[in-house]
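What's in protein-v2.txt: compact mmCIF, C-alpha atoms
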```
# COMPACT_ATOMS: atom_id res chain seq x y z
CA MET O 795 4.77 -10.46 12.60
CA GLY O 796 7.34 -11.07 15.35
CA ASP O 797 11.01 -11.90 14.97
CA ILE O 798 12.41 -12.81 11.59
CA SER O 799 13.64 -16.33 10.95
CA ARG O 800 17.35 -16.58 10.34
CA SER O 801 20.32 -18.88 10.31
CA GLU O 802 23.49 -17.92 12.17
CA SER O 803 24.48 -14.26 12.13
CA ASP O 804 26.56 -14.52 8.97
CA GLY O 805 24.02 -16.71 7.21
CA VAL O 806 21.00 -15.94 5.06
CA ILE O 807 18.22 -13.95 6.72
CA LEU O 808 14.70 -15.19 6.10
CA LYS O 809 12.11 -12.49 6.73
CA ASN O 810 9.23 -14.87 7.24
CA PRO O 811 8.50 -16.18 10.76
CA ASN O 812 6.03 -18.71 9.34
CA ILE O 813 8.72 -20.91 7.81
CA VAL O 814 10.07 -22.21 11.14
CA SER O 815 6.65 -23.63 12.04
CA LEU O 816 6.34 -25.64 8.82
CA LYS O 817 6.81 -29.37 9.19
CA GLU O 818 8.03 -29.43 5.60
CA ASP O 819 8.92 -26.51 3.31
CA VAL O 820 8.26 -27.58 -0.27
CA LEU O 821 10.33 -25.62 -2.80
CA TYR O 822 7.94 -26.64 -5.52
CA HIS O 823 9.36 -24.81 -8.53
CA ILE O 824 12.91 -26.11 -8.03
CA SER O 825 11.79 -29.63 -7.09
CA LEU O 826 13.28 -29.73 -3.57
CA SER O 827 11.88 -30.02 -0.05
CA SER O 828 13.19 -29.55 3.46
CA GLY O 829 11.34 -32.73 4.45
CA THR O 830 12.58 -35.15 1.80
CA HIS O 831 16.06 -33.73 1.11
CA ASP O 832 19.00 -33.07 3.41
CA LEU O 833 19.45 -29.53 2.13
CA LYS O 834 22.37 -28.72 4.42
CA GLU O 835 24.26 -31.80 3.25
CA MET O 836 23.44 -31.11 -0.39
CA PHE O 837 23.96 -27.34 -0.53
CA GLY O 838 25.63 -26.19 2.70
CA ASP O 839 28.92 -25.34 0.95
CA ILE O 840 27.38 -22.98 -1.63
CA LYS O 841 29.09 -19.58 -1.79
CA PHE O 842 27.97 -18.34 -5.21
CA VAL O 843 24.53 -18.52 -6.81
CA CYS O 844 24.78 -17.65 -10.49
CA MET O 845 21.61 -17.25 -12.51
CA GLY O 846 20.58 -16.48 -16.07
CA GLY O 847 17.55 -16.68 -18.30
CA THR O 848 17.73 -19.97 -20.16
CA PRO O 849 18.40 -23.55 -19.03
CA LYS O 850 20.85 -24.05 -21.88
CA ARG O 851 22.93 -21.00 -20.90
CA MET O 852 23.13 -22.03 -17.26
CA GLU O 853 23.95 -25.63 -18.13
CA GLY O 854 26.74 -24.26 -20.30
CA PHE O 855 27.94 -22.09 -17.44
CA ALA O 856 27.91 -25.10 -15.12
CA HIS O 857 30.24 -27.01 -17.44
CA PHE O 858 32.41 -23.92 -17.91
CA ILE O 859 32.80 -23.22 -14.20
CA GLN O 860 33.51 -26.90 -13.54
CA LYS O 861 36.45 -26.65 -15.92
CA GLU O 862 37.59 -23.28 -14.55
CA LEU O 863 37.54 -24.53 -10.96
CA ASN O 864 39.08 -27.88 -11.99
CA ILE O 865 36.37 -29.82 -10.19
CA LYS O 866 36.44 -33.54 -10.92
CA LEU O 867 33.18 -35.45 -10.73
CA PRO O 868 33.16 -38.97 -9.24
CA THR O 869 33.77 -41.69 -11.81
CA GLY O 870 30.63 -42.60 -13.71
CA THR O 871 28.73 -39.42 -12.79
CA ILE O 872 27.76 -36.37 -14.83
CA LEU O 873 26.46 -32.89 -14.04
CA GLU O 874 22.80 -33.37 -13.24
CA ASP O 875 19.89 -30.97 -13.52
CA ILE O 876 18.70 -31.01 -9.90
CA SER O 877 15.39 -29.32 -10.74
CA ARG O 878 14.59 -31.29 -13.89
CA HIS O 879 11.38 -32.73 -12.46
CA SER O 880 9.93 -29.25 -11.90
CA TYR O 881 9.88 -28.55 -15.66
CA ARG O 882 10.26 -24.85 -14.80
CA TYR O 883 13.88 -24.11 -13.89
CA SER O 884 17.18 -25.92 -14.38
CA MET O 885 19.75 -26.03 -11.59
CA PHE O 886 23.26 -27.46 -11.40
CA LYS O 887 25.67 -27.64 -8.46
CA ILE O 888 29.40 -27.44 -9.08
CA GLY O 889 31.33 -27.36 -5.81
CA PRO O 890 30.55 -24.02 -4.13
CA VAL O 891 28.65 -22.72 -7.17
CA LEU O 892 24.96 -23.07 -7.96
CA SER O 893 24.03 -22.40 -11.59
CA ILE O 894 20.31 -21.90 -12.14
CA SER O 895 17.99 -20.58 -14.85
CA HIS O 896 15.43 -17.93 -13.89
CA GLY O 897 13.31 -17.59 -17.01
CA MET O 898 12.28 -14.24 -18.49
CA GLY O 899 10.88 -11.29 -16.59
CA ILE O 900 10.24 -10.20 -13.02
CA PRO O 901 7.54 -12.77 -12.12
CA SER O 902 9.73 -15.70 -13.16
CA VAL O 903 12.92 -14.49 -11.45
CA SER O 904 10.91 -13.55 -8.34
CA ILE O 905 9.49 -17.06 -7.89
CA MET O 906 12.92 -18.61 -8.34
CA LEU O 907 14.56 -16.18 -5.89
CA HIS O 908 11.97 -16.83 -3.17
CA GLU O 909 12.76 -20.52 -3.29
CA VAL O 910 16.53 -20.23 -3.72
CA ILE O 911 16.77 -17.77 -0.81
CA LYS O 912 14.84 -20.29 1.29
CA LEU O 913 17.13 -23.04 0.01
CA MET O 914 20.18 -21.07 1.19
CA TYR O 915 18.48 -20.59 4.57
CA HIS O 916 17.63 -24.27 5.05
CA ALA O 917 21.12 -25.26 3.90
CA GLN O 918 22.63 -22.84 6.45
CA CYS O 919 24.84 -21.27 3.79
CA LYS O 920 27.06 -18.40 4.88
CA ASN O 921 28.42 -15.36 3.05
CA VAL O 922 26.62 -16.20 -0.19
CA THR O 923 26.90 -13.94 -3.25
CA PHE O 924 24.19 -13.88 -5.92
CA ILE O 925 25.09 -12.91 -9.50
CA ARG O 926 22.78 -12.53 -12.47
CA ILE O 927 24.51 -13.36 -15.75
CA GLY O 928 22.38 -12.05 -18.59
CA THR O 929 21.78 -10.35 -21.89
CA CYS O 930 20.37 -6.91 -22.52
CA GLY O 931 19.83 -4.16 -25.04
CA GLY O 932 22.52 -1.48 -24.88
CA ILE O 933 21.67 2.21 -24.98
CA GLY O 934 24.49 3.93 -26.81
CA LEU O 935 26.67 0.83 -26.41
CA PRO O 936 27.67 -1.47 -29.27
CA GLY O 937 26.82 -5.15 -29.26
CA GLY O 938 29.27 -7.19 -27.20
CA SER O 939 29.64 -4.48 -24.53
CA LEU O 940 29.47 -5.62 -20.93
CA VAL O 941 27.36 -3.79 -18.37
CA ILE O 942 27.77 -4.12 -14.61
CA THR O 943 24.69 -2.61 -13.02
CA GLU O 944 25.27 -0.03 -10.31
CA GLU O 945 21.59 0.89 -9.96
CA ALA O 946 18.39 -0.69 -11.27
CA VAL O 947 15.31 1.42 -12.04
CA ASP O 948 11.89 0.67 -13.49
CA GLY O 949 10.33 2.11 -16.64
CA LEU O 950 9.45 5.32 -14.77
CA MET O 951 13.02 5.72 -13.49
CA ARG O 952 12.09 4.64 -9.95
CA PRO O 953 14.73 2.63 -8.02
CA TYR O 954 12.35 0.25 -6.30
CA LEU O 955 10.21 -2.81 -6.97
CA GLU O 956 6.45 -2.42 -6.60
CA LEU O 957 4.40 -5.32 -5.25
CA HIS O 958 0.69 -5.64 -4.58
CA VAL O 959 0.43 -7.44 -1.22
CA LEU O 960 -2.98 -8.04 0.38
CA GLY O 961 -4.46 -5.26 -1.71
CA LYS O 962 -1.78 -2.74 -0.76
CA MET O 963 1.16 -1.31 -2.68
CA VAL O 964 4.54 -2.29 -1.25
CA GLN O 965 7.75 -0.68 -2.47
CA ARG O 966 11.09 -2.41 -1.94
CA PRO O 967 14.33 -0.52 -2.72
CA ALA O 968 16.32 -2.07 -5.56
CA ILE O 969 19.79 -1.70 -4.04
CA LEU O 970 22.84 -3.59 -5.29
CA ASP O 971 26.15 -3.87 -3.47
CA SER O 972 28.26 -1.02 -4.87
CA GLU O 973 31.59 -2.43 -3.70
CA LEU O 974 30.83 -5.75 -5.33
CA ALA O 975 30.01 -4.02 -8.62
CA LYS O 976 33.26 -2.04 -8.48
CA GLU O 977 35.25 -5.18 -7.69
CA ILE O 978 33.84 -7.01 -10.71
CA LYS O 979 34.40 -3.96 -12.94
CA SER O 980 38.02 -3.68 -11.81
CA LEU O 981 38.57 -7.38 -12.44
CA ALA O 982 37.03 -7.08 -15.91
CA ASN O 983 39.38 -4.21 -16.76
CA GLU O 984 42.34 -6.25 -15.54
CA LYS O 985 41.53 -9.61 -17.12
CA PHE O 986 39.58 -8.56 -20.22
CA PRO O 987 40.81 -5.11 -21.29
CA HIS O 988 39.78 -5.88 -24.89
CA TYR O 989 36.10 -5.99 -23.84
CA LYS O 990 34.20 -2.74 -23.48
CA THR O 991 32.94 -2.87 -19.88
CA VAL O 992 30.94 -0.13 -18.17
CA LEU O 993 29.32 0.54 -14.82
CA GLY O 994 25.92 2.15 -15.23
CA ARG O 995 22.24 2.31 -14.50
CA THR O 996 19.95 -0.42 -15.83
CA MET O 997 16.31 0.07 -16.76
CA CYS O 998 14.27 -3.01 -15.92
CA THR O 999 10.96 -3.20 -17.77
CA TYR O 1000 7.86 -5.34 -17.36
CA ASP O 1001 7.57 -5.89 -21.11
CA PHE O 1002 9.99 -6.65 -23.96
CA TYR O 1003 8.22 -4.72 -26.72
CA GLU O 1004 6.23 -1.59 -25.82
CA GLY O 1005 7.85 -1.37 -22.39
CA GLN O 1006 11.24 -1.05 -24.06
CA GLY O 1007 10.03 1.27 -26.83
CA ARG O 1008 10.37 -1.24 -29.64
CA LEU O 1009 8.71 -0.63 -32.99
CA ASP O 1010 8.35 -4.31 -33.93
CA GLY O 1011 5.80 -5.69 -31.47
CA ALA O 1012 2.19 -6.64 -32.18
CA PHE O 1013 1.17 -3.14 -31.01
CA CYS O 1014 2.89 0.23 -31.37
CA ASP O 1015 1.23 3.61 -30.72
CA TYR O 1016 4.35 5.74 -31.17
CA ASP O 1017 6.77 6.51 -33.99
CA GLU O 1018 10.51 6.09 -34.46
CA GLU O 1019 11.22 9.75 -33.72
CA SER O 1020 9.50 9.48 -30.34
CA LYS O 1021 11.32 6.27 -29.56
CA LEU O 1022 14.74 7.71 -30.37
CA ALA O 1023 14.04 10.87 -28.36
CA TYR O 1024 13.15 8.71 -25.37
CA LEU O 1025 16.24 6.52 -25.68
CA ARG O 1026 18.51 9.55 -26.02
CA LYS O 1027 16.96 10.99 -22.86
CA LEU O 1028 17.72 7.74 -21.05
CA GLU O 1029 21.29 7.84 -22.33
CA GLU O 1030 21.70 11.34 -20.90
CA MET O 1031 20.57 9.98 -17.53
CA ASN O 1032 23.27 7.27 -17.58
CA ILE O 1033 20.84 4.49 -18.38
CA VAL O 1034 23.17 2.23 -20.33
CA ASN O 1035 21.01 -0.84 -20.89
CA MET O 1036 17.55 -2.40 -20.66
CA GLU O 1037 16.53 -5.84 -19.48
CA MET O 1038 13.70 -7.45 -17.51
CA GLU O 1039 15.01 -8.91 -14.24
CA SER O 1040 17.46 -6.58 -12.45
CA LEU O 1041 14.84 -4.64 -10.45
CA ALA O 1042 13.43 -7.75 -8.75
CA PHE O 1043 16.89 -9.27 -8.39
CA ALA O 1044 18.26 -6.15 -6.67
CA ALA O 1045 15.21 -5.61 -4.46
CA MET O 1046 15.03 -9.21 -3.29
CA CYS O 1047 18.75 -9.55 -2.65
CA ASN O 1048 18.70 -6.31 -0.68
CA HIS O 1049 15.62 -7.39 1.32
CA ALA O 1050 17.30 -10.70 2.15
CA GLY O 1051 20.62 -9.10 3.07
CA ILE O 1052 22.42 -10.91 0.26
CA LYS O 1053 25.16 -9.24 -1.77
CA GLY O 1054 24.14 -9.24 -5.42
CA ALA O 1055 25.56 -8.17 -8.78
CA VAL O 1056 24.23 -8.04 -12.33
CA VAL O 1057 26.58 -8.62 -15.26
CA CYS O 1058 25.02 -8.45 -18.72
CA VAL O 1059 26.20 -8.33 -22.31
CA ALA O 1060 24.49 -6.05 -24.82
CA LEU O 1061 23.24 -7.87 -27.90
CA LEU O 1062 22.62 -4.65 -29.80
CA ASN O 1063 22.61 -0.86 -29.53
CA ARG O 1064 18.94 0.13 -29.24
CA LEU O 1065 19.69 3.53 -30.78
CA GLN O 1066 20.43 1.65 -34.00
CA GLY O 1067 17.51 -0.76 -34.12
CA ASP O 1068 15.19 -3.14 -32.31
CA GLN O 1069 15.91 -6.60 -33.69
CA VAL O 1070 18.91 -8.78 -32.98
CA ASN O 1071 20.35 -9.77 -36.36
CA THR O 1072 23.96 -10.50 -35.43
CA PRO O 1073 25.18 -13.93 -36.65
CA LYS O 1074 24.57 -16.74 -34.17
CA GLU O 1075 28.25 -17.60 -33.67
CA ILE O 1076 29.04 -14.00 -32.71
CA LEU O 1077 26.08 -13.87 -30.31
CA GLU O 1078 27.27 -17.05 -28.64
CA GLU O 1079 30.74 -15.55 -28.12
CA TRP O 1080 29.21 -12.36 -26.70
CA GLN O 1081 26.96 -14.30 -24.32
CA HIS O 1082 29.99 -16.14 -22.98
CA ARG O 1083 31.68 -12.89 -21.91
CA PRO O 1084 29.76 -12.35 -18.65
CA GLN O 1085 30.48 -15.97 -17.75
CA GLU O 1086 34.20 -15.39 -18.21
CA ILE O 1087 34.19 -12.37 -15.90
CA VAL O 1088 32.11 -14.11 -13.25
CA ALA O 1089 34.38 -17.17 -13.39
CA GLU O 1090 37.42 -14.97 -12.79
CA PHE O 1091 35.61 -13.30 -9.88
CA ILE O 1092 34.77 -16.65 -8.30
CA LYS O 1093 38.34 -17.92 -8.73
CA ARG O 1094 39.73 -14.79 -7.10
CA ARG O 1095 37.32 -15.07 -4.19
CA LEU O 1096 38.33 -18.72 -3.75
CA GLY O 1097 42.03 -17.79 -3.84
CA MET O 1098 42.70 -19.77 -7.03
CA GLU O 1099 44.81 -17.17 -8.84
```

Render the structure in this file as structure tokens.
Amino acid sequence: MGDISRSESDGVILKNPNIVSLKEDVLYHISLSSGTHDLKEMFGDIKFVCMGGTPKRMEGFAHFIQKELNIKLPTGTILEDISRHSYRYSMFKIGPVLSISHGMGIPSVSIMLHEVIKLMYHAQCKNVTFIRIGTCGGIGLPGGSLVITEEAVDGLMRPYLELHVLGKMVQRPAILDSELAKEIKSLANEKFPHYKTVLGRTMCTYDFYEGQGRLDGAFCDYDEESKLAYLRKLEEMNIVNMEMESLAFAAMCNHAGIKGAVVCVALLNRLQGDQVNTPKEILEEWQHRPQEIVAEFIKRRLGME
């Protein structure tokens, strides 16, 4: 395939030599284009790309990080959803921070990451850090616990993402930056000692119900005893949570040479049930916890403490 396309040595690597020959690179799902937008002017100062499942959560994070970084918008302007015309993802820019929704599951986060990695390349961004801010099911952890992923594995305990490319199986290692994870964990302990925060292994599944051993889906061919035995086995192997995006996130960040971290809050302990029945106001407070930690991390990196 020849040499890889890349920006300057400390910029984002793009492992696709075809992109440089395109007259226009249309980032269809985030409603941007290298031909109709000055991507370097618009996004060249981005240092942190923060992503989470829902548009509402990431819009909320955008407003929160704006306040935390004390960024004043020009008079008469408001935070704008840059990708609103795509009807697929929502994206907000706040100074050096990009806040973007990625939907649910590996296919959705994969599409978004392809285009955001290309966006960072076209914008000639340097030393960018990607962080997934999410929710998960804890395994042996009470609701409200924070998990910083040190390794992502699939439902068969394999630490790589499988792709079918041109009829062949491709495996990409799902490797996260260990020093980045430790840095965020240390900061969480320092700033939020009242939160239970752990470093651990995350199981990323391709399905929310059967793939995560739930008993409440449309189909279930196993019993509660089998489910609990399985979850206890995972707990013994230091699997501390389950979600549906970390494997693709880790594999794609690693393949692109981008430092990435995953910070999630557990909405329940799966050893005690399958359905989330915690009151809404408590869930909203829990879901804000990863945002608080990530905001502190960004402020420290920007020298704002």

Which residues are near Met951 (chain O)? Cut-off 9 Å, all atoms listed in the file, ignore same chain within fewer than 4 positions. Put them as a ChimeraX atom specification. /O:946-947,997

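The nearest approach to Phe842 (chain O) among the residues O:Met963, O:Val891, O:Leu1096, O:Leu955, with all atoms listed in the file taken into account, belongs to O:Val891.
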
Could you make a table, as CSV, of the residues of region 946-1045 of chain O that have an atom within 10 Å of an atom of region 1069-1084 of chain O, each with its nearest atom pair and distance in Å to one decimal, counting only C-alpha atoms, in chain and number order?
```
residue,atom,partner,partner_atom,distance
O:Ala982,CA,O:Pro1084,CA,9.4
O:Phe986,CA,O:Arg1083,CA,9.2
O:Tyr989,CA,O:Arg1083,CA,8.4
O:Arg1008,CA,O:Gln1069,CA,8.7
O:Leu1009,CA,O:Gln1069,CA,9.4
O:Asp1010,CA,O:Gln1069,CA,7.9
```

Counting all atoms listed in the file, what are the residues of region 822-845 of chain O within 12 Å of region 879-890 of chain O, and for each of them which pair of atoms is the nearest and at what distance in Å, to one decimal? Sort the table by chain and rising number, as a Markdown table.
```
| residue | atom | partner | partner_atom | distance |
| --- | --- | --- | --- | --- |
| O:Tyr822 | CA | O:Ser880 | CA | 7.2 |
| O:His823 | CA | O:Ser880 | CA | 5.6 |
| O:Ile824 | CA | O:Ser880 | CA | 5.8 |
| O:Ser825 | CA | O:Ser880 | CA | 5.2 |
| O:Leu826 | CA | O:Ser880 | CA | 9.0 |
| O:Met836 | CA | O:Lys887 | CA | 9.1 |
| O:Phe837 | CA | O:Lys887 | CA | 8.1 |
| O:Gly838 | CA | O:Pro890 | CA | 8.7 |
| O:Asp839 | CA | O:Pro890 | CA | 5.5 |
| O:Ile840 | CA | O:Pro890 | CA | 4.2 |
| O:Lys841 | CA | O:Pro890 | CA | 5.2 |
| O:Phe842 | CA | O:Pro890 | CA | 6.3 |
| O:Val843 | CA | O:Pro890 | CA | 8.6 |
| O:Cys844 | CA | O:Met885 | CA | 9.8 |
| O:Met845 | CA | O:Met885 | CA | 9.0 |
```

(request) For each of O:Ser827, O:Asn921, O:Thr848, O:Ser980, take the minimum atom-to-atom distance to His896 (chain O), counting only C-alpha atoms, then give the residue where this is smallest. (result)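 Ranked by minimum distance to His896 (chain O), first place goes to O:Thr848.
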
As a check of understanding: the span from CA of Lys861 (chain O) to CA of Val1059 (chain O) is 21.9 Å

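Of the residues under consideration (O:Leu808, O:Ile1033, O:Leu1028, O:Ala1042), O:Leu808 shows the shortest atom-to-atom contact distance to Tyr915 (chain O) when counting only C-alpha atoms.
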
| request: Could you give me, as a ChimeraX atom specification, the residues within 12 Å of region 1021-1025 of chain O, counting all atoms listed in the file and dropping anything in the same chain fewer than 6 positions from it? | output: /O:931-935,949-950,997,1003-1010,1014-1015,1031-1036,1063-1068

Of O:Glu956, O:Glu1086, O:Glu835, O:Asp1017, the one sitting nearest Pro901 (chain O) when using all atoms listed in the file is O:Glu956

Rebuild N, CA and C atoms on region 821-850 of chain O, as a PDB file, keeping the file's coordinate frame?
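Final output, saved to part_2.pdb:
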```
ATOM      1  N   LEU O 821       9.845 -26.586  -1.798  1.00  0.00           N
ATOM      2  CA  LEU O 821      10.330 -25.620  -2.800  1.00  0.00           C
ATOM      3  C   LEU O 821       9.893 -26.149  -4.156  1.00  0.00           C
ATOM      4  N   TYR O 822       8.622 -25.952  -4.428  1.00  0.00           N
ATOM      5  CA  TYR O 822       7.940 -26.640  -5.520  1.00  0.00           C
ATOM      6  C   TYR O 822       8.571 -26.401  -6.879  1.00  0.00           C
ATOM      7  N   HIS O 823       8.931 -25.150  -7.173  1.00  0.00           N
ATOM      8  CA  HIS O 823       9.360 -24.810  -8.530  1.00  0.00           C
ATOM      9  C   HIS O 823      10.803 -25.216  -8.829  1.00  0.00           C
ATOM     10  N   ILE O 824      11.558 -25.599  -7.788  1.00  0.00           N
ATOM     11  CA  ILE O 824      12.910 -26.110  -8.030  1.00  0.00           C
ATOM     12  C   ILE O 824      13.025 -27.571  -7.606  1.00  0.00           C
ATOM     13  N   SER O 825      11.871 -28.188  -7.313  1.00  0.00           N
ATOM     14  CA  SER O 825      11.790 -29.630  -7.090  1.00  0.00           C
ATOM     15  C   SER O 825      12.649 -30.105  -5.908  1.00  0.00           C
ATOM     16  N   LEU O 826      12.574 -29.352  -4.790  1.00  0.00           N
ATOM     17  CA  LEU O 826      13.280 -29.730  -3.570  1.00  0.00           C
ATOM     18  C   LEU O 826      12.347 -29.545  -2.381  1.00  0.00           C
ATOM     19  N   SER O 827      12.691 -30.144  -1.258  1.00  0.00           N
ATOM     20  CA  SER O 827      11.880 -30.020  -0.050  1.00  0.00           C
ATOM     21  C   SER O 827      12.756 -30.190   1.176  1.00  0.00           C
ATOM     22  N   SER O 828      12.435 -29.418   2.211  1.00  0.00           N
ATOM     23  CA  SER O 828      13.190 -29.550   3.460  1.00  0.00           C
ATOM     24  C   SER O 828      12.853 -30.845   4.180  1.00  0.00           C
ATOM     25  N   GLY O 829      11.742 -31.489   3.797  1.00  0.00           N
ATOM     26  CA  GLY O 829      11.340 -32.730   4.450  1.00  0.00           C
ATOM     27  C   GLY O 829      11.926 -33.969   3.808  1.00  0.00           C
ATOM     28  N   THR O 830      12.119 -33.943   2.510  1.00  0.00           N
ATOM     29  CA  THR O 830      12.580 -35.150   1.800  1.00  0.00           C
ATOM     30  C   THR O 830      14.035 -35.064   1.348  1.00  0.00           C
ATOM     31  N   HIS O 831      14.649 -33.887   1.489  1.00  0.00           N
ATOM     32  CA  HIS O 831      16.060 -33.730   1.110  1.00  0.00           C
ATOM     33  C   HIS O 831      16.856 -33.189   2.291  1.00  0.00           C
ATOM     34  N   ASP O 832      18.083 -33.637   2.424  1.00  0.00           N
ATOM     35  CA  ASP O 832      19.000 -33.070   3.410  1.00  0.00           C
ATOM     36  C   ASP O 832      19.663 -31.863   2.759  1.00  0.00           C
ATOM     37  N   LEU O 833      19.010 -30.716   2.865  1.00  0.00           N
ATOM     38  CA  LEU O 833      19.450 -29.530   2.130  1.00  0.00           C
ATOM     39  C   LEU O 833      20.791 -29.013   2.621  1.00  0.00           C
ATOM     40  N   LYS O 834      21.068 -29.155   3.912  1.00  0.00           N
ATOM     41  CA  LYS O 834      22.370 -28.720   4.420  1.00  0.00           C
ATOM     42  C   LYS O 834      23.487 -29.582   3.854  1.00  0.00           C
ATOM     43  N   GLU O 835      23.259 -30.889   3.801  1.00  0.00           N
ATOM     44  CA  GLU O 835      24.260 -31.800   3.250  1.00  0.00           C
ATOM     45  C   GLU O 835      24.461 -31.546   1.769  1.00  0.00           C
ATOM     46  N   MET O 836      23.375 -31.277   1.049  1.00  0.00           N
ATOM     47  CA  MET O 836      23.440 -31.110  -0.390  1.00  0.00           C
ATOM     48  C   MET O 836      24.000 -29.756  -0.819  1.00  0.00           C
ATOM     49  N   PHE O 837      23.667 -28.692  -0.066  1.00  0.00           N
ATOM     50  CA  PHE O 837      23.960 -27.340  -0.530  1.00  0.00           C
ATOM     51  C   PHE O 837      24.682 -26.455   0.491  1.00  0.00           C
ATOM     52  N   GLY O 838      25.067 -27.005   1.630  1.00  0.00           N
ATOM     53  CA  GLY O 838      25.630 -26.190   2.700  1.00  0.00           C
ATOM     54  C   GLY O 838      26.927 -25.485   2.356  1.00  0.00           C
ATOM     55  N   ASP O 839      27.638 -25.953   1.315  1.00  0.00           N
ATOM     56  CA  ASP O 839      28.920 -25.340   0.950  1.00  0.00           C
ATOM     57  C   ASP O 839      28.786 -24.287  -0.151  1.00  0.00           C
ATOM     58  N   ILE O 840      27.572 -23.953  -0.553  1.00  0.00           N
ATOM     59  CA  ILE O 840      27.380 -22.980  -1.630  1.00  0.00           C
ATOM     60  C   ILE O 840      27.825 -21.588  -1.191  1.00  0.00           C
ATOM     61  N   LYS O 841      28.631 -20.949  -2.032  1.00  0.00           N
ATOM     62  CA  LYS O 841      29.090 -19.580  -1.790  1.00  0.00           C
ATOM     63  C   LYS O 841      28.642 -18.625  -2.898  1.00  0.00           C
ATOM     64  N   PHE O 842      28.337 -19.175  -4.065  1.00  0.00           N
ATOM     65  CA  PHE O 842      27.970 -18.340  -5.210  1.00  0.00           C
ATOM     66  C   PHE O 842      26.744 -18.933  -5.901  1.00  0.00           C
ATOM     67  N   VAL O 843      25.717 -18.121  -6.052  1.00  0.00           N
ATOM     68  CA  VAL O 843      24.530 -18.520  -6.810  1.00  0.00           C
ATOM     69  C   VAL O 843      24.507 -17.681  -8.079  1.00  0.00           C
ATOM     70  N   CYS O 844      24.723 -18.337  -9.201  1.00  0.00           N
ATOM     71  CA  CYS O 844      24.780 -17.650 -10.490  1.00  0.00           C
ATOM     72  C   CYS O 844      23.529 -18.009 -11.284  1.00  0.00           C
ATOM     73  N   MET O 845      22.873 -16.997 -11.845  1.00  0.00           N
ATOM     74  CA  MET O 845      21.610 -17.250 -12.510  1.00  0.00           C
ATOM     75  C   MET O 845      21.521 -16.499 -13.828  1.00  0.00           C
ATOM     76  N   GLY O 846      20.796 -17.095 -14.764  1.00  0.00           N
ATOM     77  CA  GLY O 846      20.580 -16.480 -16.070  1.00  0.00           C
ATOM     78  C   GLY O 846      19.290 -16.988 -16.657  1.00  0.00           C
ATOM     79  N   GLY O 847      18.878 -16.423 -17.779  1.00  0.00           N
ATOM     80  CA  GLY O 847      17.550 -16.680 -18.300  1.00  0.00           C
ATOM     81  C   GLY O 847      17.245 -18.100 -18.702  1.00  0.00           C
ATOM     82  N   THR O 848      18.109 -18.705 -19.531  1.00  0.00           N
ATOM     83  CA  THR O 848      17.730 -19.970 -20.160  1.00  0.00           C
ATOM     84  C   THR O 848      18.430 -21.171 -19.526  1.00  0.00           C
ATOM     85  N   PRO O 849      17.756 -22.328 -19.527  1.00  0.00           N
ATOM     86  CA  PRO O 849      18.400 -23.550 -19.030  1.00  0.00           C
ATOM     87  C   PRO O 849      19.679 -23.890 -19.787  1.00  0.00           C
ATOM     88  N   LYS O 850      19.670 -23.705 -21.097  1.00  0.00           N
ATOM     89  CA  LYS O 850      20.850 -24.050 -21.880  1.00  0.00           C
ATOM     90  C   LYS O 850      22.053 -23.198 -21.472  1.00  0.00           C
TER      91      LYS O 850
END
```
